[in-house]
$ cat upload.txt   # compact mmCIF, C-alpha atoms
# COMPACT_ATOMS: atom_id res chain seq x y z
CA MET Y 12 0.00 0.00 0.00
CA ASP Y 13 1.14 3.51 -0.76
CA GLY Y 14 1.22 5.90 2.14
CA PHE Y 15 -0.41 9.29 2.19
CA THR Y 16 -0.44 12.48 4.21
CA ILE Y 17 -3.32 13.93 6.17
CA TRP Y 18 -2.41 17.60 6.69
CA LEU Y 19 -4.33 19.09 9.65
CA THR Y 20 -4.18 22.88 9.51
CA GLY Y 21 -5.86 25.42 11.77
CA PRO Y 22 -5.12 28.02 14.45
CA SER Y 23 -3.86 27.17 17.92
CA GLY Y 24 -6.57 25.54 20.02
CA SER Y 25 -8.69 24.43 17.06
CA GLY Y 26 -8.24 20.74 17.93
CA LYS Y 27 -5.52 19.51 15.56
CA THR Y 28 -3.50 17.53 18.12
CA THR Y 29 -6.57 15.89 19.68
CA LEU Y 30 -7.83 14.94 16.22
CA ALA Y 31 -4.41 13.65 15.12
CA ARG Y 32 -4.20 11.33 18.14
CA ALA Y 33 -7.72 9.96 17.67
CA LEU Y 34 -7.15 9.48 13.94
CA LYS Y 35 -3.87 7.67 14.55
CA GLU Y 36 -5.50 5.31 17.05
CA LYS Y 37 -8.38 4.49 14.68
CA LEU Y 38 -6.08 3.88 11.68
CA LYS Y 39 -3.62 1.77 13.72
CA ASN Y 40 -6.54 -0.34 14.96
CA LYS Y 41 -7.42 -0.94 11.30
CA GLY Y 42 -3.88 -2.25 10.74
CA TYR Y 43 -2.24 0.75 9.06
CA LYS Y 44 1.23 2.11 9.78
CA VAL Y 45 0.73 5.65 11.06
CA GLU Y 46 2.95 8.42 12.40
CA ILE Y 47 2.03 11.85 13.72
CA LEU Y 48 4.22 14.79 12.77
CA ASP Y 49 3.26 17.35 15.39
CA GLY Y 50 4.52 20.84 14.65
CA ASP Y 51 5.19 21.76 18.28
CA GLU Y 52 6.94 18.47 19.02
CA ILE Y 53 9.21 18.74 15.96
CA ARG Y 54 10.02 22.38 16.70
CA ASN Y 55 10.81 21.71 20.37
CA THR Y 56 12.92 18.65 19.59
CA LEU Y 57 14.89 19.77 16.54
CA TYR Y 58 15.26 23.54 16.87
CA PRO Y 59 13.65 25.08 19.96
CA ASN Y 60 15.14 28.53 19.37
CA LEU Y 61 13.88 28.94 15.81
CA GLY Y 62 11.38 31.71 16.45
CA PHE Y 63 8.10 32.52 14.73
CA SER Y 64 8.93 34.96 11.95
CA LYS Y 65 7.36 34.28 8.55
CA GLU Y 66 10.72 32.91 7.35
CA ALA Y 67 11.15 30.69 10.44
CA ARG Y 68 7.62 29.32 10.08
CA GLU Y 69 8.17 28.56 6.39
CA MET Y 70 11.44 26.77 7.14
CA HIS Y 71 9.75 24.74 9.88
CA ASN Y 72 6.88 23.85 7.54
CA ARG Y 73 9.29 22.81 4.76
CA ILE Y 74 11.04 20.41 7.16
CA VAL Y 75 7.70 18.88 8.13
CA ILE Y 76 6.74 18.61 4.43
CA HIS Y 77 9.96 16.73 3.74
CA LEU Y 78 9.38 14.33 6.65
CA ALA Y 79 5.77 13.69 5.56
CA LYS Y 80 6.94 13.06 1.99
CA LEU Y 81 9.50 10.48 3.21
CA LEU Y 82 6.96 8.68 5.37
CA SER Y 83 4.24 8.67 2.71
CA ARG Y 84 6.45 7.31 -0.03
CA ASN Y 85 7.46 4.48 2.30
CA GLY Y 86 3.92 3.24 2.87
CA ILE Y 87 3.20 5.10 6.09
CA ILE Y 88 0.24 7.36 6.76
CA ALA Y 89 1.66 10.67 7.96
CA ILE Y 90 -0.72 12.75 10.04
CA VAL Y 91 0.63 16.29 10.13
CA SER Y 92 -0.67 18.50 12.94
CA LEU Y 93 0.65 21.93 12.08
CA ILE Y 94 -0.83 25.44 12.14
CA SER Y 95 0.78 26.14 8.73
CA PRO Y 96 -0.74 29.62 8.49
CA TYR Y 97 0.21 30.41 4.89
CA LYS Y 98 -1.71 29.16 1.84
CA SER Y 99 1.46 29.18 -0.25
CA ILE Y 100 3.26 26.67 1.97
CA ARG Y 101 0.21 24.37 2.10
CA GLU Y 102 0.01 24.50 -1.70
CA PHE Y 103 3.73 23.65 -1.81
CA ALA Y 104 3.02 20.66 0.45
CA ARG Y 105 0.20 19.53 -1.87
CA LYS Y 106 2.59 19.66 -4.85
CA GLU Y 107 5.49 17.94 -3.06
CA ILE Y 108 3.62 15.08 -1.41
CA ASN Y 109 1.86 12.41 -3.45
CA ASN Y 110 -1.47 11.34 -1.97
CA PHE Y 111 -2.06 14.52 0.03
CA MET Y 112 -5.24 15.42 1.88
CA GLU Y 113 -5.70 18.83 3.49
CA VAL Y 114 -8.04 19.05 6.47
CA TYR Y 115 -9.02 22.48 7.78
CA VAL Y 116 -9.56 22.11 11.53
CA TYR Y 117 -11.75 25.04 12.49
CA ALA Y 118 -13.13 26.33 15.78
CA PRO Y 119 -14.53 29.81 16.43
CA LEU Y 120 -12.24 32.22 18.29
CA ASP Y 121 -14.33 32.16 21.48
CA VAL Y 122 -14.04 28.35 21.59
CA ARG Y 123 -10.27 28.47 21.02
CA ILE Y 124 -9.92 31.07 23.80
CA LYS Y 125 -11.89 28.80 26.19
CA ARG Y 126 -9.78 25.74 25.28
CA ASP Y 127 -6.43 27.57 25.28
CA PRO Y 128 -4.36 24.37 25.84
CA LYS Y 129 -1.02 26.23 25.90
CA GLY Y 130 -2.20 29.43 27.61
CA LEU Y 131 -1.37 31.45 24.49
CA TYR Y 132 -4.72 33.22 24.18
CA ALA Y 133 -4.57 34.26 27.85
CA LYS Y 134 -1.15 35.80 27.20
CA ALA Y 135 -2.38 37.49 24.01
CA LEU Y 136 -5.44 38.90 25.78
CA LYS Y 137 -3.16 40.36 28.50
CA GLY Y 138 -0.85 41.85 25.86
CA GLU Y 139 2.05 39.62 26.93
CA ILE Y 140 2.47 38.22 23.41
CA SER Y 141 1.47 39.48 19.99
CA GLY Y 142 1.18 37.92 16.57
CA LEU Y 143 -0.68 34.83 17.82
CA THR Y 144 -1.83 32.97 14.72
CA GLY Y 145 -5.58 33.22 14.38
CA TYR Y 146 -5.88 35.96 17.01
CA ASP Y 147 -3.82 39.01 16.05
CA GLY Y 148 -1.48 37.10 13.75
CA VAL Y 149 -1.93 35.84 10.22
CA TYR Y 150 -3.84 32.66 9.44
CA GLU Y 151 -4.89 32.28 5.83
CA GLU Y 152 -7.90 29.95 5.71
CA PRO Y 153 -7.68 27.22 3.06
CA ASP Y 154 -9.51 27.77 -0.23
CA ASN Y 155 -9.55 24.14 -1.30
CA ALA Y 156 -9.36 21.91 1.78
CA ASP Y 157 -10.41 18.34 1.09
CA VAL Y 158 -12.25 18.23 4.42
CA ILE Y 159 -13.46 21.00 6.74
CA ILE Y 160 -13.99 20.07 10.38
CA ASP Y 161 -15.72 22.39 12.87
CA THR Y 162 -14.56 20.96 16.19
CA SER Y 163 -17.11 23.08 18.09
CA LYS Y 164 -19.98 21.23 16.36
CA MET Y 165 -18.72 17.67 15.84
CA SER Y 166 -17.66 14.87 18.16
CA ILE Y 167 -14.13 13.52 17.79
CA ASP Y 168 -15.57 10.25 16.45
CA GLU Y 169 -17.54 12.13 13.76
CA GLU Y 170 -14.42 14.07 12.79
CA VAL Y 171 -12.33 10.88 12.47
CA GLU Y 172 -15.03 9.11 10.44
CA LEU Y 173 -15.37 12.07 8.05
CA ILE Y 174 -11.62 12.08 7.37
CA ILE Y 175 -11.46 8.31 6.89
CA LYS Y 176 -14.45 8.44 4.51
CA LYS Y 177 -12.72 11.14 2.44
CA ALA Y 178 -9.46 9.14 2.38
CA GLU Y 179 -11.43 6.16 1.07
CA GLU Y 180 -13.13 8.34 -1.60
CA LEU Y 181 -9.72 9.59 -2.73
CA GLY Y 182 -8.49 5.99 -2.97
CA TYR Y 183 -5.91 6.33 -0.21
CA LEU Y 184 -7.53 3.71 2.01
CA GLY Y 185 -8.85 0.37 0.81

$ encode --input "upload.txt" --output "structure tokens"
Amino acid sequence: MDGFTIWLTGPSGSGKTTLARALKEKLKNKGYKVEILDGDEIRNTLYPNLGFSKEAREMHNRIVIHLAKLLSRNGIIAIVSLISPYKSIREFARKEINNFMEVYVYAPLDVRIKRDPKGLYAKALKGEISGLTGYDGVYEEPDNADVIIDTSKMSIDEEVELIIKKAEELGYLG
């Protein structure tokens, strides 16, 4: 079986990591080889002092694209959980990776502020940080996502099933 990449994009707190973990568990239980490429985990492990400039984000995203490409071409399902705020870099990923599926993981701002798993929105609201993606920083919503998930309206099981159904429709899963 060929591998493929499920690219989960959305602002901080939208539910990408939670969805990635549930999706991995479901696919592994079906017998597939699956790896999660979590943006925060890769950043913290490989280059914790990189920063968050546009150039730094693009470099980080290009590294993740390369890793996903390697996994996918070796028969592994790569689940990428990455804010990836720029349309241009997501389009680059789509061109670079065979069998690519973009999933826009959406949640309204008030829901993301309530969830705030890393305390980033609290800091942004207090003025301690600025440029938070999806708050006062850039997040370019996808124009052509293969799947759109609103995590404020769907259960995690519904989200996982919707993605698996789309992967089957695209011929990535048998």

$ closest_residue --input "upload.txt" --among "Y:Val116, Y:Val158, Y:Leu184, Y:Leu48" --to "Leu81 in chain Y" --atoms "all atoms listed in the file"
Y:Leu48

$ residues_around --input "upload.txt" --residues "range 33-44 of chain Y" --least-positions-apart "6" --cutoff "9 Å" --atoms "all atoms listed in the file" --output "PyMOL selection string"
chain Y and resi 14+86-90+167-168+170-172+174-175

$ closest_residue --input "upload.txt" --among "Y:Tyr183, Y:Asp121, Y:Tyr150, Y:Thr162" --to "Thr28 in chain Y" --atoms "all atoms listed in the file"
Y:Thr162

$ residues_around --input "upload.txt" --residues "Asn72 in chain Y" --least-positions-apart "3" --cutoff "9 Å" --atoms "only C-alpha atoms" --output "PyMOL selection string"
chain Y and resi 50+67-69+75-77+93+95+100-101+104

$ atom_distance --input "upload.txt" --atom1 "CA of Ile159 in chain Y" --atom2 "CA of Thr20 in chain Y"
9.9 Å

$ atom_distance --input "upload.txt" --atom1 "CA of Ser163 in chain Y" --atom2 "CA of Ala135 in chain Y"
21.4 Å

$ closest_residue --input "upload.txt" --among "Y:Pro22, Y:Tyr117, Y:Leu57, Y:Leu78" --to "Gly142 in chain Y" --atoms "all atoms listed in the file"
Y:Pro22

$ atom_distance --input "upload.txt" --atom1 "CA of Arg73 in chain Y" --atom2 "CA of Arg105 in chain Y"
11.7 Å

$ closest_residue --input "upload.txt" --among "Y:Glu169, Y:Glu139, Y:Glu113, Y:Asp154" --to "Trp18 in chain Y" --atoms "all atoms listed in the file"
Y:Glu113

$ closest_residue --input "upload.txt" --among "Y:Leu173, Y:Gly130, Y:Arg54, Y:Lys98" --to "Leu30 in chain Y" --atoms "all atoms listed in the file"
Y:Leu173

$ residues_near_point --input "upload.txt" --point "(2.3, 16.3, -2.6)" --cutoff "10 Å" --atoms "only C-alpha atoms" --output "PyMOL selection string"
chain Y and resi 15-16+76-77+79-80+83+101-112

$ residues_around --input "upload.txt" --residues "Gly145 in chain Y" --least-positions-apart "4" --cutoff "12 Å" --atoms "all atoms listed in the file" --output "ChimeraX atom specification"
/Y:20-25,94-97,117-121,123-124,131-132,135,141,149-152

$ closest_residue --input "upload.txt" --among "Y:Ile74, Y:Glu180, Y:Asn155, Y:Thr29" --to "Val114 in chain Y" --atoms "only C-alpha atoms"
Y:Asn155

$ decode --input "upload.txt" --residues "range 138-163 of chain Y" --atoms "N, CA and C atoms" --output "JSON list (two decimals), in the first residue's frame"
[["chain", "number", "residue", "atom", "x", "y", "z"],
["Y", 138, "GLY", "N", -1.86, 41.05, 26.56],
["Y", 138, "GLY", "CA", -0.85, 41.85, 25.86],
["Y", 138, "GLY", "C", 0.57, 41.37, 26.09],
["Y", 139, "GLU", "N", 0.72, 40.16, 26.65],
["Y", 139, "GLU", "CA", 2.05, 39.62, 26.93],
["Y", 139, "GLU", "C", 2.74, 39.09, 25.68],
["Y", 140, "ILE", "N", 1.93, 38.65, 24.70],
["Y", 140, "ILE", "CA", 2.47, 38.22, 23.41],
["Y", 140, "ILE", "C", 1.63, 38.85, 22.30],
["Y", 141, "SER", "N", 2.23, 38.99, 21.14],
["Y", 141, "SER", "CA", 1.47, 39.48, 19.99],
["Y", 141, "SER", "C", 1.81, 38.62, 18.78],
["Y", 142, "GLY", "N", 0.97, 38.71, 17.78],
["Y", 142, "GLY", "CA", 1.18, 37.92, 16.57],
["Y", 142, "GLY", "C", 0.72, 36.48, 16.69],
["Y", 143, "LEU", "N", -0.18, 36.19, 17.65],
["Y", 143, "LEU", "CA", -0.68, 34.83, 17.82],
["Y", 143, "LEU", "C", -1.53, 34.47, 16.61],
["Y", 144, "THR", "N", -1.14, 33.40, 15.94],
["Y", 144, "THR", "CA", -1.83, 32.97, 14.72],
["Y", 144, "THR", "C", -3.31, 32.72, 15.00],
["Y", 145, "GLY", "N", -4.14, 33.38, 14.23],
["Y", 145, "GLY", "CA", -5.58, 33.22, 14.38],
["Y", 145, "GLY", "C", -6.19, 34.16, 15.40],
["Y", 146, "TYR", "N", -5.37, 34.95, 16.07],
["Y", 146, "TYR", "CA", -5.88, 35.96, 17.01],
["Y", 146, "TYR", "C", -5.52, 37.34, 16.45],
["Y", 147, "ASP", "N", -4.28, 37.76, 16.66],
["Y", 147, "ASP", "CA", -3.82, 39.01, 16.05],
["Y", 147, "ASP", "C", -2.68, 38.77, 15.06],
["Y", 148, "GLY", "N", -2.48, 37.49, 14.74],
["Y", 148, "GLY", "CA", -1.48, 37.10, 13.75],
["Y", 148, "GLY", "C", -2.15, 36.47, 12.54],
["Y", 149, "VAL", "N", -1.40, 36.32, 11.49],
["Y", 149, "VAL", "CA", -1.93, 35.84, 10.22],
["Y", 149, "VAL", "C", -2.28, 34.35, 10.27],
["Y", 150, "TYR", "N", -3.48, 34.03, 9.80],
["Y", 150, "TYR", "CA", -3.84, 32.66, 9.44],
["Y", 150, "TYR", "C", -4.70, 32.75, 8.19],
["Y", 151, "GLU", "N", -4.18, 32.25, 7.10],
["Y", 151, "GLU", "CA", -4.89, 32.28, 5.83],
["Y", 151, "GLU", "C", -5.70, 30.99, 5.70],
["Y", 152, "GLU", "N", -7.03, 31.12, 5.78],
["Y", 152, "GLU", "CA", -7.90, 29.95, 5.71],
["Y", 152, "GLU", "C", -7.74, 29.26, 4.35],
["Y", 153, "PRO", "N", -7.80, 27.94, 4.33],
["Y", 153, "PRO", "CA", -7.68, 27.22, 3.06],
["Y", 153, "PRO", "C", -8.83, 27.53, 2.11],
["Y", 154, "ASP", "N", -8.50, 27.58, 0.82],
["Y", 154, "ASP", "CA", -9.51, 27.77, -0.23],
["Y", 154, "ASP", "C", -10.03, 26.44, -0.74],
["Y", 155, "ASN", "N", -9.19, 25.41, -0.67],
["Y", 155, "ASN", "CA", -9.55, 24.14, -1.30],
["Y", 155, "ASN", "C", -9.24, 22.93, -0.41],
["Y", 156, "ALA", "N", -9.57, 23.05, 0.87],
["Y", 156, "ALA", "CA", -9.36, 21.91, 1.78],
["Y", 156, "ALA", "C", -10.22, 20.73, 1.32],
["Y", 157, "ASP", "N", -9.67, 19.55, 1.45],
["Y", 157, "ASP", "CA", -10.41, 18.34, 1.09],
["Y", 157, "ASP", "C", -11.52, 18.05, 2.10],
["Y", 158, "VAL", "N", -11.28, 18.43, 3.34],
["Y", 158, "VAL", "CA", -12.25, 18.23, 4.42],
["Y", 158, "VAL", "C", -12.20, 19.47, 5.32],
["Y", 159, "ILE", "N", -13.38, 19.92, 5.76],
["Y", 159, "ILE", "CA", -13.46, 21.00, 6.74],
["Y", 159, "ILE", "C", -14.15, 20.44, 7.98],
["Y", 160, "ILE", "N", -13.49, 20.59, 9.10],
["Y", 160, "ILE", "CA", -13.99, 20.07, 10.38],
["Y", 160, "ILE", "C", -14.24, 21.28, 11.29],
["Y", 161, "ASP", "N", -15.44, 21.38, 11.85],
["Y", 161, "ASP", "CA", -15.72, 22.39, 12.87],
["Y", 161, "ASP", "C", -15.77, 21.65, 14.20],
["Y", 162, "THR", "N", -14.67, 21.75, 14.96],
["Y", 162, "THR", "CA", -14.56, 20.96, 16.19],
["Y", 162, "THR", "C", -15.50, 21.45, 17.29],
["Y", 163, "SER", "N", -16.14, 22.60, 17.10],
["Y", 163, "SER", "CA", -17.11, 23.08, 18.09],
["Y", 163, "SER", "C", -18.48, 22.44, 17.86]]
